Amino acid sequence: MIDRRTIPPRASESTWTAADGHLIRRIDWAGAAAERGSILFLPGRGDFYEKYLETLEEWQAAGWRVTASDWRGQAGSGRLGKDPVTGHVADFALWIDDLALLWERWVAQTPGPHVLAAHSMGGHLVLRALIDRRVSPDAVVLSAPMTGMAGPALPLPLLHAAARLMCAVGDPTRPAWKWSEKPGELPAYRSTLLTHDPARYADEQWWREARPELVMGPASWRWVERAFASWRRIETPGTLEAVDVPVLIISTASDKLVSHPANLRAAARLPKGELLALGKEAHHELLREVDAVRGPIMARIAEFLDRTVPAQ
């Protein structure tokens, strides 16, 4: 059994320094004796790596050297807005630059093959880094990637224009939506968007109370505007088609946060794309679902990696 509320003794928490001196948290597992290769995992918006300790520990036990990192401005890596809970960024390019630098350093320090894995917004940023040729993994695993956002069935340029207008008529660092009366407090309905597993969902609240610096609420309007701009970049013909790396996309039709149709399109456009499509049995946080759903997902990831980056 893996204790999801304890940093494993084999893991080490530290920080790495971005190009401008910003300190960003990371966690590393040394790997098993017969190392399988290395996996770098990136979480989603408002996320933190503590939520994925179970998955990271399982990969480590399977022989992988594992690293996970915050995105700057999230979790324990500071904030970029004007308050401690709004998720703000001036441009997604900042995060892509950070990822490119971390990737360069991490690859130089870890054994191959090198795998990038990410969830939600993390998956979006990994795809952007692949499109822009900022990273060169041997394989990629994406859990519910934010290739697009769930929401009104309106043309993407119109959605982007509306977000630009909201940034122009008010402070772009202000929250784009409201969760509750108390900033950063989790709304009651949120669990129904993320997972069918109440115990795993409760783990997140436990970590938020144990480490208050992890607490984050809604995104800023600038984040929303930049997300639409970045989505348009991914949708540009020829972008994903030029990514010559095996990519496994895991997506669920019941996702209310990211666009399942956009994920289906992305998997079909990638030359070496593969898709695991789920339905009502799975919500957004696929790696934190009930065992009956999560087990087959983890097995499919293992099969994908064994086939695309076999043990050397």
# chains A, B, ... in the order shown; residues from 1 in each chain; ligands from 1
>>> residues_around(residues="Asp171 (chain A)", least_positions_apart="6", cutoff="10 Å", atoms="only C-alpha atoms", output="list in words")
Ser220, Trp221 and Arg222 of chain A
>>> residues_around(residues="Ala153 (chain A)", least_positions_apart="4", cutoff="12 Å", atoms="only C-alpha atoms", output="list of chain:residue names")
A:Gly148, A:Met149, A:Pro157, A:Leu158, A:Leu159, A:Ser259, A:Pro261, A:Ala262
>>> select_by_dssp(residues="region 66-296 of chain A", states="alpha helix (DSSP H)", output="PyMOL selection string")
chain A and resi 92-109+121-131+156-169+191-194+198-210+221-235+260-269+291-296
>>> write_last_selection(atoms="C-alpha atoms", output="CSV table (one decimal), in the first residue's frame")
chain,number,residue,atom,x,y,z
A,92,PHE,CA,2.1,30.6,-21.4
A,93,ALA,CA,5.4,31.2,-23.1
A,94,LEU,CA,6.9,31.8,-19.6
A,95,TRP,CA,5.9,28.2,-18.6
A,96,ILE,CA,7.2,26.8,-21.8
A,97,ASP,CA,10.5,28.5,-21.3
A,98,ASP,CA,10.7,27.0,-17.8
A,99,LEU,CA,9.9,23.6,-19.1
A,100,ALA,CA,12.5,23.8,-21.8
A,101,LEU,CA,15.2,24.7,-19.3
A,102,LEU,CA,14.2,22.1,-16.8
A,103,TRP,CA,14.1,19.5,-19.6
A,104,GLU,CA,17.6,20.4,-20.8
A,105,ARG,CA,19.1,20.1,-17.3
A,106,TRP,CA,17.0,17.0,-16.3
A,107,VAL,CA,18.0,15.0,-19.4
A,108,ALA,CA,21.7,15.7,-18.8
A,109,GLN,CA,21.3,14.3,-15.3
A,121,MET,CA,-2.8,22.1,-18.3
A,122,GLY,CA,0.5,20.3,-18.0
A,123,GLY,CA,-0.4,18.3,-21.0
A,124,HIS,CA,-1.3,21.4,-23.0
A,125,LEU,CA,2.1,22.9,-22.2
A,126,VAL,CA,3.9,19.7,-23.1
A,127,LEU,CA,2.2,19.7,-26.5
A,128,ARG,CA,3.1,23.4,-27.0
A,129,ALA,CA,6.7,22.6,-26.1
A,130,LEU,CA,6.7,19.7,-28.6
A,131,ILE,CA,5.1,21.9,-31.4
A,156,LEU,CA,-12.6,29.6,-30.8
A,157,PRO,CA,-11.8,33.1,-32.2
A,158,LEU,CA,-15.0,34.5,-30.6
A,159,LEU,CA,-14.2,33.0,-27.3
A,160,HIS,CA,-10.7,34.4,-27.5
A,161,ALA,CA,-12.0,37.8,-28.4
A,162,ALA,CA,-14.4,37.8,-25.4
A,163,ALA,CA,-11.5,37.0,-23.1
A,164,ARG,CA,-9.4,39.8,-24.6
A,165,LEU,CA,-12.3,42.2,-23.9
A,166,MET,CA,-12.5,41.1,-20.3
A,167,CYS,CA,-8.8,41.8,-19.9
A,168,ALA,CA,-9.3,45.2,-21.5
A,169,VAL,CA,-12.2,46.4,-19.4
A,191,SER,CA,-15.5,16.6,-6.3
A,192,THR,CA,-18.1,15.6,-9.0
A,193,LEU,CA,-15.9,17.1,-11.6
A,194,LEU,CA,-12.7,15.4,-10.7
A,198,PRO,CA,-14.0,10.2,-2.2
A,199,ALA,CA,-10.8,9.0,-0.4
A,200,ARG,CA,-8.5,10.2,-3.2
A,201,TYR,CA,-10.4,13.5,-3.4
A,202,ALA,CA,-10.0,13.9,0.4
A,203,ASP,CA,-6.2,13.5,0.0
A,204,GLU,CA,-6.1,16.9,-1.8
A,205,GLN,CA,-7.9,18.7,1.0
A,206,TRP,CA,-5.5,17.0,3.5
A,207,TRP,CA,-2.5,18.4,1.7
A,208,ARG,CA,-4.0,21.8,1.3
A,209,GLU,CA,-4.4,21.9,5.1
A,210,ALA,CA,-1.0,20.4,5.8
A,221,TRP,CA,-8.7,36.6,-16.9
A,222,ARG,CA,-5.3,36.9,-18.4
A,223,TRP,CA,-4.7,33.1,-17.9
A,224,VAL,CA,-8.0,32.5,-19.7
A,225,GLU,CA,-7.1,34.8,-22.6
A,226,ARG,CA,-3.7,33.2,-22.9
A,227,ALA,CA,-5.2,29.8,-22.7
A,228,PHE,CA,-7.4,30.6,-25.7
A,229,ALA,CA,-4.5,32.0,-27.6
A,230,SER,CA,-2.4,28.9,-26.9
A,231,TRP,CA,-5.4,26.6,-27.9
A,232,ARG,CA,-5.5,28.4,-31.2
A,233,ARG,CA,-1.8,27.7,-31.7
A,234,ILE,CA,-2.4,24.0,-31.1
A,235,GLU,CA,-5.4,24.0,-33.6
A,260,HIS,CA,-12.8,15.7,-25.0
A,261,PRO,CA,-13.5,16.4,-28.6
A,262,ALA,CA,-10.3,18.4,-28.9
A,263,ASN,CA,-8.4,15.5,-27.3
A,264,LEU,CA,-9.9,13.2,-29.9
A,265,ARG,CA,-8.8,15.5,-32.7
A,266,ALA,CA,-5.3,15.9,-31.2
A,267,ALA,CA,-4.8,12.1,-31.0
A,268,ALA,CA,-5.9,11.7,-34.6
A,269,ARG,CA,-3.6,14.5,-35.8
A,291,ASP,CA,-9.1,1.5,-8.5
A,292,ALA,CA,-11.4,-0.2,-11.0
A,293,VAL,CA,-10.8,2.7,-13.5
A,294,ARG,CA,-7.3,3.7,-12.5
A,295,GLY,CA,-5.8,0.2,-12.6
A,296,PRO,CA,-6.5,-0.3,-16.3
>>> residues_around(residues="region 297-300 of chain A", least_positions_apart="2", cutoff="9 Å", atoms="only C-alpha atoms", output="ChimeraX atom specification")
/A:55,250,276,286-287,293-295,302-305
>>> closest_residue(among="A:Pro212, A:Gly21, A:Gly217, A:Pro111", to="Arg190 (chain A)", atoms="only C-alpha atoms")
A:Gly217
>>> closest_residue(among="A:Ile7, A:Ala253, A:Leu240, A:Ala90", to="Ala282 (chain A)", atoms="only C-alpha atoms")
A:Ala253
>>> closest_atom_pairs(of="region 101-184 of chain A", to="region 30-53 of chain A", cutoff="7 Å", atoms="only C-alpha atoms", output="JSON lines")
{"residue": "A:Thr110", "atom": "CA", "partner": "A:Ser38", "partner_atom": "CA", "distance": 6.5}
{"residue": "A:Pro111", "atom": "CA", "partner": "A:Gly37", "partner_atom": "CA", "distance": 5.4}
{"residue": "A:Gly112", "atom": "CA", "partner": "A:Gly37", "partner_atom": "CA", "distance": 4.6}
{"residue": "A:Pro113", "atom": "CA", "partner": "A:Gly37", "partner_atom": "CA", "distance": 4.9}
{"residue": "A:His114", "atom": "CA", "partner": "A:Ser38", "partner_atom": "CA", "distance": 5.1}
{"residue": "A:Val115", "atom": "CA", "partner": "A:Ile39", "partner_atom": "CA", "distance": 4.7}
{"residue": "A:Leu116", "atom": "CA", "partner": "A:Leu40", "partner_atom": "CA", "distance": 5.1}
{"residue": "A:Ala117", "atom": "CA", "partner": "A:Phe41", "partner_atom": "CA", "distance": 4.7}
{"residue": "A:Ala118", "atom": "CA", "partner": "A:Leu42", "partner_atom": "CA", "distance": 4.6}
{"residue": "A:His119", "atom": "CA", "partner": "A:Pro43", "partner_atom": "CA", "distance": 5.1}
{"residue": "A:Ser120", "atom": "CA", "partner": "A:Gly44", "partner_atom": "CA", "distance": 4.8}
{"residue": "A:Met121", "atom": "CA", "partner": "A:Gly44", "partner_atom": "CA", "distance": 4.5}
{"residue": "A:Gly122", "atom": "CA", "partner": "A:Gly44", "partner_atom": "CA", "distance": 4.8}
>>> closest_residue(among="A:Arg10, A:His88, A:Thr17, A:Gly81", to="Gln60 (chain A)", atoms="only C-alpha atoms")
A:Arg10
>>> closest_residue(among="A:Leu275, A:Ile27, A:Val243, A:Ala11", to="Ser143 (chain A)", atoms="only C-alpha atoms")
A:Leu275
>>> closest_residue(among="A:Ser251, A:Thr6, A:Ser136, A:Ser77", to="Glu57 (chain A)", atoms="only C-alpha atoms")
A:Thr6
>>> select_by_dssp(residues="region 114-254 of chain A", states="strand (DSSP E)", output="JSON, numbers by chain")
{"A": [114, 115, 116, 117, 118, 119, 139, 140, 141, 142, 143, 247, 248, 249, 250, 251, 252]}
>>> write_last_selection(atoms="N, CA and C atoms", output="tab-separated table (two decimals), in the first residue's frame")
chain	number	residue	atom	x	y	z
A	114	HIS	N	13.89	8.90	-22.03
A	114	HIS	CA	13.29	10.00	-21.28
A	114	HIS	C	11.83	10.20	-21.70
A	115	VAL	N	10.95	10.16	-20.71
A	115	VAL	CA	9.50	10.25	-20.95
A	115	VAL	C	8.95	11.50	-20.28
A	116	LEU	N	8.10	12.21	-21.00
A	116	LEU	CA	7.35	13.33	-20.43
A	116	LEU	C	5.92	12.87	-20.16
A	117	ALA	N	5.45	13.10	-18.94
A	117	ALA	CA	4.07	12.78	-18.57
A	117	ALA	C	3.45	14.02	-17.94
A	118	ALA	N	2.17	14.23	-18.18
A	118	ALA	CA	1.55	15.45	-17.66
A	118	ALA	C	0.05	15.28	-17.57
A	119	HIS	N	-0.55	16.14	-16.75
A	119	HIS	CA	-2.00	16.14	-16.57
A	119	HIS	C	-2.58	17.50	-16.93
A	139	ALA	N	9.05	9.46	-25.49
A	139	ALA	CA	7.62	9.14	-25.47
A	139	ALA	C	6.92	10.12	-24.55
A	140	VAL	N	5.60	10.26	-24.74
A	140	VAL	CA	4.80	11.22	-23.97
A	140	VAL	C	3.51	10.54	-23.53
A	141	VAL	N	3.13	10.79	-22.25
A	141	VAL	CA	1.87	10.29	-21.70
A	141	VAL	C	1.09	11.49	-21.17
A	142	LEU	N	-0.14	11.68	-21.67
A	142	LEU	CA	-0.94	12.84	-21.28
A	142	LEU	C	-2.28	12.38	-20.70
A	143	SER	N	-2.53	12.78	-19.46
A	143	SER	CA	-3.78	12.48	-18.77
A	143	SER	C	-4.71	13.68	-18.89
A	247	VAL	N	2.85	9.50	-28.60
A	247	VAL	CA	2.08	10.22	-27.60
A	247	VAL	C	0.82	9.43	-27.27
A	248	LEU	N	0.64	9.10	-26.00
A	248	LEU	CA	-0.58	8.47	-25.54
A	248	LEU	C	-1.45	9.52	-24.87
A	249	ILE	N	-2.65	9.72	-25.41
A	249	ILE	CA	-3.62	10.64	-24.81
A	249	ILE	C	-4.72	9.82	-24.15
A	250	ILE	N	-4.96	10.10	-22.87
A	250	ILE	CA	-6.03	9.45	-22.12
A	250	ILE	C	-7.07	10.51	-21.83
A	251	SER	N	-8.31	10.29	-22.26
A	251	SER	CA	-9.33	11.32	-22.17
A	251	SER	C	-10.67	10.67	-21.87
A	252	THR	N	-11.56	11.44	-21.25
A	252	THR	CA	-12.87	10.92	-20.91
A	252	THR	C	-13.99	11.81	-21.43
